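J.: The structure file structure-v2.tsv (TSV, C-alpha atoms and all ligand atoms) is provided below.
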chain	number	residue	atom	x	y	z
A	1	MET	CA	70.53	98.00	92.94
A	2	ALA	CA	68.68	100.07	95.57
A	3	ALA	CA	70.39	103.25	96.83
A	4	THR	CA	70.22	101.95	100.40
A	5	VAL	CA	70.27	98.46	101.93
A	6	GLN	CA	68.65	97.51	105.24
A	7	VAL	CA	70.42	94.93	107.42
A	8	GLY	CA	68.58	94.44	110.72
A	9	PRO	CA	68.07	97.88	112.25
A	10	ARG	CA	70.83	99.44	110.13
A	11	ARG	CA	70.49	101.12	106.77
A	12	TYR	CA	73.48	101.55	104.47
A	13	ALA	CA	73.87	104.09	101.68
A	14	ARG	CA	75.23	102.42	98.56
A	15	TYR	CA	78.93	103.11	98.00
A	16	ARG	CA	79.70	104.12	94.43
A	17	THR	CA	83.19	103.03	93.48
A	18	SER	CA	84.84	105.62	91.27
A	19	VAL	CA	86.70	105.08	88.01
A	20	GLN	CA	89.83	106.32	89.80
A	21	GLU	CA	89.45	103.66	92.51
A	22	TYR	CA	88.96	100.95	89.90
A	23	VAL	CA	92.06	102.08	88.02
A	24	THR	CA	94.07	102.28	91.26
A	25	PHE	CA	93.09	98.73	92.18
A	26	ARG	CA	94.27	97.49	88.78
A	27	THR	CA	97.39	99.63	88.63
A	28	GLN	CA	98.83	98.97	92.06
A	29	GLY	CA	97.09	95.68	92.93
A	30	TRP	CA	95.39	97.03	96.03
A	31	LEU	CA	93.06	99.84	97.02
A	32	VAL	CA	92.25	101.52	100.34
A	33	VAL	CA	88.70	102.82	100.73
A	34	LYS	CA	88.77	105.16	103.71
A	35	GLY	CA	85.91	105.03	106.22
A	36	LEU	CA	83.91	102.50	104.19
A	37	VAL	CA	82.45	100.79	107.26
A	38	PRO	CA	80.65	103.15	109.68
A	39	PRO	CA	82.12	103.76	113.17
A	40	GLU	CA	79.18	102.13	115.00
A	41	ASP	CA	79.78	98.88	113.09
A	42	VAL	CA	83.51	98.94	113.84
A	43	GLN	CA	82.67	99.54	117.50
A	44	GLU	CA	80.44	96.47	117.51
A	45	LEU	CA	83.25	94.35	116.07
A	46	LYS	CA	85.70	95.83	118.56
A	47	SER	CA	83.46	94.94	121.53
A	48	HIS	CA	83.02	91.46	120.11
A	49	THR	CA	86.77	90.89	119.84
A	50	ASP	CA	87.21	92.31	123.37
A	51	ASP	CA	84.78	89.63	124.54
A	52	ILE	CA	86.89	86.96	122.85
A	53	VAL	CA	90.18	88.28	124.16
A	54	HIS	CA	88.90	88.75	127.71
A	55	GLY	CA	87.39	85.28	127.75
A	56	ARG	CA	83.79	86.49	128.00
A	57	LEU	CA	82.90	84.60	124.86
A	58	GLU	CA	83.66	80.93	124.59
A	59	LEU	CA	84.33	79.72	121.07
A	60	GLU	CA	83.44	76.12	120.56
A	61	GLY	CA	86.55	74.08	119.87
A	62	ILE	CA	88.86	76.93	120.84
A	63	GLY	CA	88.00	77.50	124.48
A	64	ARG	CA	88.17	80.62	126.54
A	65	ALA	CA	91.07	83.02	126.33
A	66	PRO	CA	93.66	82.44	129.02
A	67	SER	CA	92.71	85.79	130.49
A	68	ALA	CA	89.13	84.65	131.21
A	69	GLY	CA	87.57	87.00	133.68
A	70	ALA	CA	90.23	89.67	133.32
A	71	ALA	CA	88.77	93.11	133.48
A	72	SER	CA	91.39	95.12	131.69
A	73	HIS	CA	93.79	94.92	128.79
A	74	SER	CA	96.75	95.01	131.15
A	75	ALA	CA	95.93	91.55	132.48
A	76	ILE	CA	95.96	90.00	129.05
A	77	LEU	CA	99.10	91.84	128.11
A	78	ASP	CA	101.00	90.13	130.88
A	79	PRO	CA	104.11	89.15	128.84
A	80	THR	CA	104.01	85.62	130.23
A	81	ARG	CA	100.62	85.17	128.60
A	82	VAL	CA	101.29	86.65	125.20
A	83	GLY	CA	102.74	83.40	123.91
A	84	GLU	CA	99.56	81.52	124.74
A	85	LEU	CA	97.34	84.28	123.44
A	86	GLU	CA	99.27	84.42	120.22
A	87	ARG	CA	99.09	80.69	119.70
A	88	ARG	CA	95.35	80.66	120.17
A	89	TYR	CA	94.27	83.96	118.88
A	90	VAL	CA	96.49	85.54	116.28
A	91	ARG	CA	93.96	84.48	113.69
A	92	ILE	CA	90.61	82.68	113.89
A	93	HIS	CA	89.22	81.23	110.67
A	94	MET	CA	85.70	80.84	109.30
A	95	LEU	CA	83.69	82.09	112.24
A	96	HIS	CA	80.97	83.26	109.85
A	97	ARG	CA	79.79	79.65	109.87
A	98	ARG	CA	79.34	79.79	113.63
A	99	LEU	CA	78.58	83.38	114.63
A	100	GLU	CA	75.95	85.71	113.18
A	101	ILE	CA	78.11	88.81	113.61
A	102	HIS	CA	80.86	87.35	111.40
A	103	GLU	CA	78.37	86.46	108.68
A	104	ARG	CA	77.01	90.02	108.82
A	105	PHE	CA	80.48	91.52	108.36
A	106	LEU	CA	81.33	89.06	105.58
A	107	LEU	CA	78.18	90.29	103.81
A	108	HIS	CA	78.56	93.94	104.76
A	109	PRO	CA	76.71	95.86	102.03
A	110	ARG	CA	79.34	98.62	101.74
A	111	ILE	CA	82.15	96.09	101.27
A	112	LEU	CA	80.06	94.20	98.72
A	113	ASP	CA	79.37	97.45	96.84
A	114	VAL	CA	83.09	97.82	96.15
A	115	LEU	CA	83.63	94.14	95.33
A	116	GLU	CA	80.74	94.26	92.88
A	117	ALA	CA	82.64	96.96	90.99
A	118	LEU	CA	86.09	95.36	91.25
A	119	ILE	CA	85.43	91.66	90.60
A	120	GLY	CA	81.66	91.41	90.05
A	121	PRO	CA	78.94	91.98	89.36
A	122	GLU	CA	78.52	88.48	90.82
A	123	VAL	CA	80.22	88.03	94.20
A	124	LEU	CA	80.77	84.78	96.12
A	125	ALA	CA	81.64	85.19	99.83
A	126	MET	CA	84.12	82.46	100.74
A	127	GLN	CA	86.24	83.02	103.79
A	128	THR	CA	86.59	85.02	107.00
A	129	MET	CA	89.54	85.50	109.32
A	130	LEU	CA	89.60	87.53	112.50
A	131	PHE	CA	93.11	88.75	113.23
A	132	LEU	CA	93.85	89.84	116.78
A	133	LYS	CA	97.61	90.14	116.46
A	134	PRO	CA	98.44	91.01	120.05
A	135	PRO	CA	101.63	92.86	121.05
A	136	GLY	CA	104.66	90.77	120.20
A	137	ALA	CA	102.84	88.59	117.66
A	138	ASP	CA	104.74	87.68	114.51
A	139	GLY	CA	103.59	88.77	111.06
A	140	GLN	CA	102.89	86.71	107.97
A	141	GLY	CA	105.61	86.49	105.32
A	142	TRP	CA	105.26	87.18	101.59
A	143	HIS	CA	102.46	85.22	99.95
A	144	GLN	CA	99.73	85.30	97.33
A	145	ASP	CA	96.21	84.55	98.53
A	146	SER	CA	95.23	82.75	95.33
A	147	TYR	CA	97.89	80.19	96.16
A	148	TYR	CA	95.72	79.13	99.09
A	149	ILE	CA	92.29	79.64	97.48
A	150	PRO	CA	92.32	78.64	93.80
A	151	THR	CA	89.41	79.91	91.68
A	152	LEU	CA	89.08	79.32	87.93
A	153	PRO	CA	89.13	81.78	86.28
A	154	ASP	CA	91.01	83.42	89.09
A	155	SER	CA	89.00	86.31	90.49
A	156	LEU	CA	89.95	86.15	94.16
A	157	CYS	CA	89.88	89.37	96.15
A	158	GLY	CA	90.55	90.05	99.83
A	159	ALA	CA	88.85	92.77	101.87
A	160	TRP	CA	90.82	93.74	104.98
A	161	LEU	CA	88.80	95.81	107.46
A	162	ALA	CA	90.78	97.65	110.14
A	163	ILE	CA	89.28	97.39	113.63
A	164	ASP	CA	92.19	99.17	115.33
A	165	ARG	CA	94.55	101.68	113.83
A	166	ALA	CA	97.15	99.63	111.93
A	167	ASP	CA	100.55	101.13	111.21
A	168	GLU	CA	104.16	100.09	110.86
A	169	ASP	CA	104.60	99.76	114.64
A	170	ASN	CA	101.84	97.20	115.19
A	171	GLY	CA	102.18	95.33	111.89
A	172	CYS	CA	100.04	96.84	109.12
A	173	MET	CA	99.76	95.27	105.68
A	174	HIS	CA	102.54	95.64	103.09
A	175	PHE	CA	101.99	95.13	99.35
A	176	LEU	CA	104.42	94.64	96.51
A	177	THR	CA	103.14	96.96	93.83
A	178	GLY	CA	103.43	95.50	90.34
A	179	SER	CA	103.34	91.90	91.56
A	180	GLN	CA	99.59	91.72	90.86
A	181	HIS	CA	100.67	90.78	87.32
A	182	GLU	CA	102.58	87.72	88.52
A	183	PRO	CA	101.09	84.28	87.93
A	184	VAL	CA	100.35	82.20	91.02
A	185	HIS	CA	103.55	80.44	92.07
A	186	PRO	CA	102.28	77.03	93.17
A	187	SER	CA	103.73	74.21	95.19
A	188	GLU	CA	104.05	70.60	94.08
A	189	LYS	CA	100.90	69.93	96.10
A	190	ASN	CA	98.58	72.36	94.35
A	191	ARG	CA	100.10	73.03	90.92
A	192	LEU	CA	97.32	71.02	89.26
A	193	ALA	CA	94.61	72.99	91.07
A	194	HIS	CA	96.05	76.19	89.60
A	195	TYR	CA	97.05	74.93	86.18
A	196	PRO	CA	94.78	71.98	85.35
A	197	LEU	CA	95.49	72.20	81.62
A	198	GLY	CA	99.19	72.94	81.71
A	199	GLU	CA	101.58	75.40	83.26
A	200	LEU	CA	103.32	78.49	82.03
A	201	ASP	CA	106.77	77.85	80.72
A	202	GLY	CA	109.35	78.71	83.37
A	203	LEU	CA	106.94	78.70	86.29
A	204	GLN	CA	108.69	78.52	89.64
A	205	VAL	CA	107.31	75.78	91.89
A	206	ILE	CA	107.90	76.55	95.57
A	207	ALA	CA	107.81	74.14	98.52
A	208	SER	CA	104.55	74.72	100.40
A	209	ALA	CA	106.43	75.26	103.69
A	210	HIS	CA	108.21	78.20	102.05
A	211	HIS	CA	105.07	80.20	101.27
A	212	SER	CA	104.21	82.82	103.91
A	213	ASP	CA	107.38	82.20	105.91
A	214	SER	CA	108.20	85.39	107.79
A	215	ASP	CA	111.87	84.39	107.68
A	216	GLU	CA	113.12	85.91	104.41
A	217	SER	CA	115.95	83.40	104.19
A	218	LYS	CA	113.32	80.65	103.88
A	219	ASN	CA	110.46	82.33	102.01
A	220	GLY	CA	110.38	80.80	98.52
A	221	LEU	CA	108.86	83.92	96.95
A	222	MET	CA	111.95	86.05	97.63
A	223	PRO	CA	113.28	85.69	94.03
A	224	VAL	CA	109.97	87.16	92.86
A	225	VAL	CA	110.09	89.92	95.49
A	226	ARG	CA	113.56	90.92	94.24
A	227	ARG	CA	112.16	91.52	90.79
A	228	TYR	CA	110.24	94.55	92.16
A	229	PRO	CA	112.89	96.71	93.86
A	230	GLY	CA	111.25	99.60	95.67
A	231	GLY	CA	107.82	98.06	95.12
A	232	GLU	CA	107.05	97.33	98.77
A	233	VAL	CA	104.53	99.74	100.26
A	234	ALA	CA	103.38	99.79	103.90
A	235	VAL	CA	99.66	100.52	104.02
A	236	PRO	CA	98.48	102.05	107.29
A	237	ALA	CA	94.75	101.99	107.95
A	238	ASP	CA	92.34	103.58	110.41
A	239	PRO	CA	89.35	101.81	111.95
A	240	GLY	CA	86.65	101.48	109.28
A	241	ASP	CA	89.06	101.63	106.34
A	242	VAL	CA	88.96	98.61	104.03
A	243	VAL	CA	91.93	97.48	101.95
A	244	PHE	CA	90.98	95.48	98.84
A	245	PHE	CA	93.65	93.34	97.21
A	246	GLY	CA	93.66	90.87	94.38
A	247	GLY	CA	94.65	87.23	94.80
A	248	HIS	CA	97.97	87.52	92.95
A	249	VAL	CA	99.52	90.59	94.56
A	250	LEU	CA	102.35	89.61	96.91
A	251	HIS	CA	101.81	90.93	100.41
A	252	ARG	CA	102.98	90.47	103.97
A	253	SER	CA	102.65	91.94	107.43
A	254	LEU	CA	105.46	92.39	109.93
A	255	ALA	CA	105.46	91.69	113.67
A	256	ASN	CA	103.51	93.78	116.14
A	257	LEU	CA	106.38	95.59	117.83
A	258	THR	CA	104.29	97.53	120.32
A	259	ALA	CA	103.99	96.66	124.00
A	260	ASP	CA	100.35	97.60	124.39
A	261	ARG	CA	98.44	97.78	121.07
A	262	PHE	CA	96.56	94.97	119.41
A	263	ARG	CA	96.23	95.10	115.63
A	264	ARG	CA	92.80	93.70	115.02
A	265	SER	CA	91.30	93.27	111.58
A	266	PHE	CA	88.46	91.37	109.95
A	267	VAL	CA	89.56	89.84	106.66
A	268	SER	CA	87.24	88.21	104.13
A	269	HIS	CA	87.85	86.62	100.76
A	270	TYR	CA	85.58	86.67	97.75
A	271	ALA	CA	85.57	85.57	94.14
A	272	ASN	CA	83.36	86.20	91.18
A	273	ALA	CA	80.46	83.77	91.71
A	274	ARG	CA	80.92	82.42	88.16
A	275	SER	CA	84.45	81.24	88.93
A	276	TYR	CA	84.73	77.54	89.75
A	277	THR	CA	86.36	76.50	93.00
A	278	GLU	CA	86.97	73.31	94.90
A	279	TRP	CA	88.30	75.22	97.88
A	280	GLY	CA	86.43	74.82	101.17
A	281	GLY	CA	84.10	72.16	99.80
A	282	GLY	CA	83.42	73.87	96.47
A	283	ASN	CA	81.09	76.61	95.23
A	284	GLY	CA	78.08	75.07	96.96
A	285	GLN	CA	79.58	75.83	100.39
A	286	HIS	CA	80.01	79.56	99.79
A	287	ILE	CA	77.43	82.31	99.97
A	288	LEU	CA	76.15	84.16	96.92
A	289	ALA	CA	76.58	87.73	98.09
A	290	ARG	CA	75.70	89.63	94.91
A	291	GLY	CA	74.33	88.87	91.44
A	292	ARG	CA	73.41	85.49	90.00
A	293	THR	CA	75.29	82.40	88.94
A	294	HIS	CA	74.84	79.12	87.10
A	295	LEU	CA	77.08	77.45	89.72
A	296	PRO	CA	75.89	76.14	93.09
A	297	TYR	CA	76.00	78.36	96.16
A	298	ALA	CA	75.04	78.32	99.84
A	299	GLN	CA	72.50	80.29	101.81
A	300	PRO	CA	73.74	82.39	104.74
A	301	ARG	CA	73.23	80.28	107.89
A	302	PHE	CA	72.02	83.26	109.93
A	303	GLY	CA	69.85	84.78	107.21
A	304	THR	CA	71.87	87.96	106.55
A	305	PRO	CA	70.24	89.63	103.51
A	306	CYS	CA	72.23	89.15	100.30
A	307	ALA	CA	71.70	87.82	96.76
A	308	ALA	CA	71.30	84.23	98.03
A	309	THR	CA	68.32	85.24	100.19
A	310	CYS	CA	66.90	87.59	97.59
A	311	PRO	CA	68.12	86.84	94.05
A	312	GLY	CA	67.91	89.81	91.74
A	313	PRO	CA	67.46	89.81	87.98
A	314	SER	CA	70.68	89.57	86.01
A	315	VAL	CA	69.42	92.23	83.60
A	316	LEU	CA	67.17	95.00	84.86
A	317	PRO	CA	63.57	94.92	83.55
A	318	GLY	CA	63.17	96.84	80.32
A	319	GLU	CA	66.87	96.70	79.48
A	320	ALA	CA	68.19	94.66	76.64
A	321	ALA	CA	70.89	92.17	77.44
A	322	PRO	CA	74.23	93.76	76.65
A	323	THR	CA	75.45	93.01	73.15
A	324	MET	CA	78.40	90.67	73.14
A	325	MET	CA	81.43	91.40	71.07
A	326	ALA	CA	81.25	89.86	67.60
A	327	ASP	CA	77.57	88.91	67.81
A	328	GLY	CA	77.20	90.75	64.52
A	329	GLU	CA	74.83	93.54	65.58
A	330	ASP	CA	77.07	96.48	66.21
A	331	MET	CA	80.45	95.35	64.99
A	332	ALA	CA	81.93	96.88	61.89
A	333	VAL	CA	82.17	94.12	59.31
A	334	THR	CA	85.04	94.21	56.90
A	335	PRO	CA	84.43	92.85	53.37
A	336	THR	CA	86.58	89.77	53.98
A	337	GLU	CA	84.41	88.85	56.96
A	338	THR	CA	81.01	89.12	55.27
A	339	HIS	CA	81.00	85.51	54.11
A	340	ARG	CA	81.19	84.35	57.70
A	341	LEU	CA	78.07	86.35	58.53
A	342	ASP	CA	75.99	85.04	55.63
A	343	PRO	CA	72.59	84.52	57.34
A	344	LYS	CA	72.04	81.23	55.51
A	345	GLY	CA	75.37	80.00	56.78
A	346	HIS	CA	76.77	79.63	53.25
A	347	HIS	CA	80.46	79.94	52.91
A	348	ALA	CA	80.86	82.30	50.03
A	349	GLY	CA	84.60	82.68	50.06
A	401	LIG	O1	96.55	90.76	108.50
A	401	LIG	C1	97.65	90.23	108.34
A	401	LIG	O2	98.56	90.41	109.11
A	401	LIG	C2	97.90	89.35	107.16
A	401	LIG	C3	96.68	89.19	106.33
A	401	LIG	C4	96.95	88.51	105.05
A	401	LIG	O3	98.06	88.42	104.63
A	401	LIG	C5	95.86	87.97	104.27
A	401	LIG	O4	94.71	88.12	104.66
A	401	LIG	O5	96.13	87.36	103.25
Re-express the file's structure as structure tokens.
Ligand SMILES: O=C(O)CCC(=O)C(=O)O

T.:
Amino acid sequence: MAATVQVGPRRYARYRTSVQEYVTFRTQGWLVVKGLVPPEDVQELKSHTDDIVHGRLELEGIGRAPSAGAASHSAILDPTRVGELERRYVRIHMLHRRLEIHERFLLHPRILDVLEALIGPEVLAMQTMLFLKPPGADGQGWHQDSYYIPTLPDSLCGAWLAIDRADEDNGCMHFLTGSQHEPVHPSEKNRLAHYPLGELDGLQVIASAHHSDSDESKNGLMPVVRRYPGGEVAVPADPGDVVFFGGHVLHRSLANLTADRFRRSFVSHYANARSYTEWGGGNGQHILARGRTHLPYAQPRFGTPCAATCPGPSVLPGEAAPTMMADGEDMAVTPTETHRLDPKGHHAG
């Protein structure tokens, strides 16, 4: 992989994920990479979301924001309008299929550099969500992302890019450390998608309406949450920070309690491109961001450079393919195993 990547007029230095970051991701289930996305990129995303919020940008099928034409934040923060704003704009899904800027952030080279290390080397870019979370907006209750996006084998990973400062006042992310080791707790509706060949003994099946409920008395994952006392960690983030989290770790965000601060973030989901999925129309609908795969994949609609537009070799020229465990070349062979490795295939023992 080149040391820098060019996307349009911008050039990005490759981010080298450290061993410590890898271990942190595995140990706590989530990882914050500070300042991963450069300030000028965050500013571009901020201006874009301002255009949405102020009604300067009409989104097909969604319409203009109720504050269309408003010149300042104070107009859109009129408390009588927050309800309408919240309903329309707390979260907008899948805009990377409609807007070039969302595709570019989904395929941001610095975010992909980290994903390549955490879940790769092959990376499939599947989903985008733009959270605006205006003042007064509710949070999202405890959930596991793999519940919503099954991949087999499960390699799902979210990347949560802060556009504004996110903290406990305006509803930052909270993770339940240790819960990354939990299986996915399915609902009746999707238990087969998660466990096509049979379930774990004792698996709790939860009504789909009780996933993500911000009301703890209704959220069906609360018995799991109670198994990790003291495990909940609030994770503040500054603009440009990216929080990576695996598909099993339980997480939530609380309400935005401020009167005047949005909590905007750009959230994308990825899997290893060799995992099979039927989500969102199947593998063939999602973009190959890094590496290669034997499974189908889509091209980026707006041509953002990535592995789909420019497939790389799976093994660098001049390098031997890595030796697999037990292929006989560099494994110690104990006397009782030698008969199995008889080159003529004779069974001596
Ligand atoms: O940003 C939020 O408030 C919630 C995001 C989240 O839970 C997710 O992306 O799975």

J.: Report, in Å to a single decimal, how far apart atom CA of A:Ile287 and atom CA of A:Ala3 are.

T.: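 It comes out at 22.3 Å.
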
J.: With all atoms listed in the file counted, collect every polymer residue having an atom within 6 Å of ligand LIG 401 (chain A); state the result as a ChimeraX atom specification.

T.: /A:139-140,145,252-253,267

J.: At what distance in Å, to one decimal, does atom CA of A:Tyr270 lie from atom CA of A:Pro121?

T.: 11.9 Å

J.: Taking only C-alpha atoms into account, which of A:Leu254, A:His143, A:Gly291, A:Asp50 comes nearest A:Val224?

T.: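 Nearest to A:Val224: A:His143.
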
J.: When you count all atoms listed in the file, which of these residues is closest to A:Arg292: A:Asp167, A:Glu116, A:His96, A:Thr128?

T.: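 Comparing A:Asp167, A:Glu116, A:His96, A:Thr128 against A:Arg292, the winner is A:Glu116.
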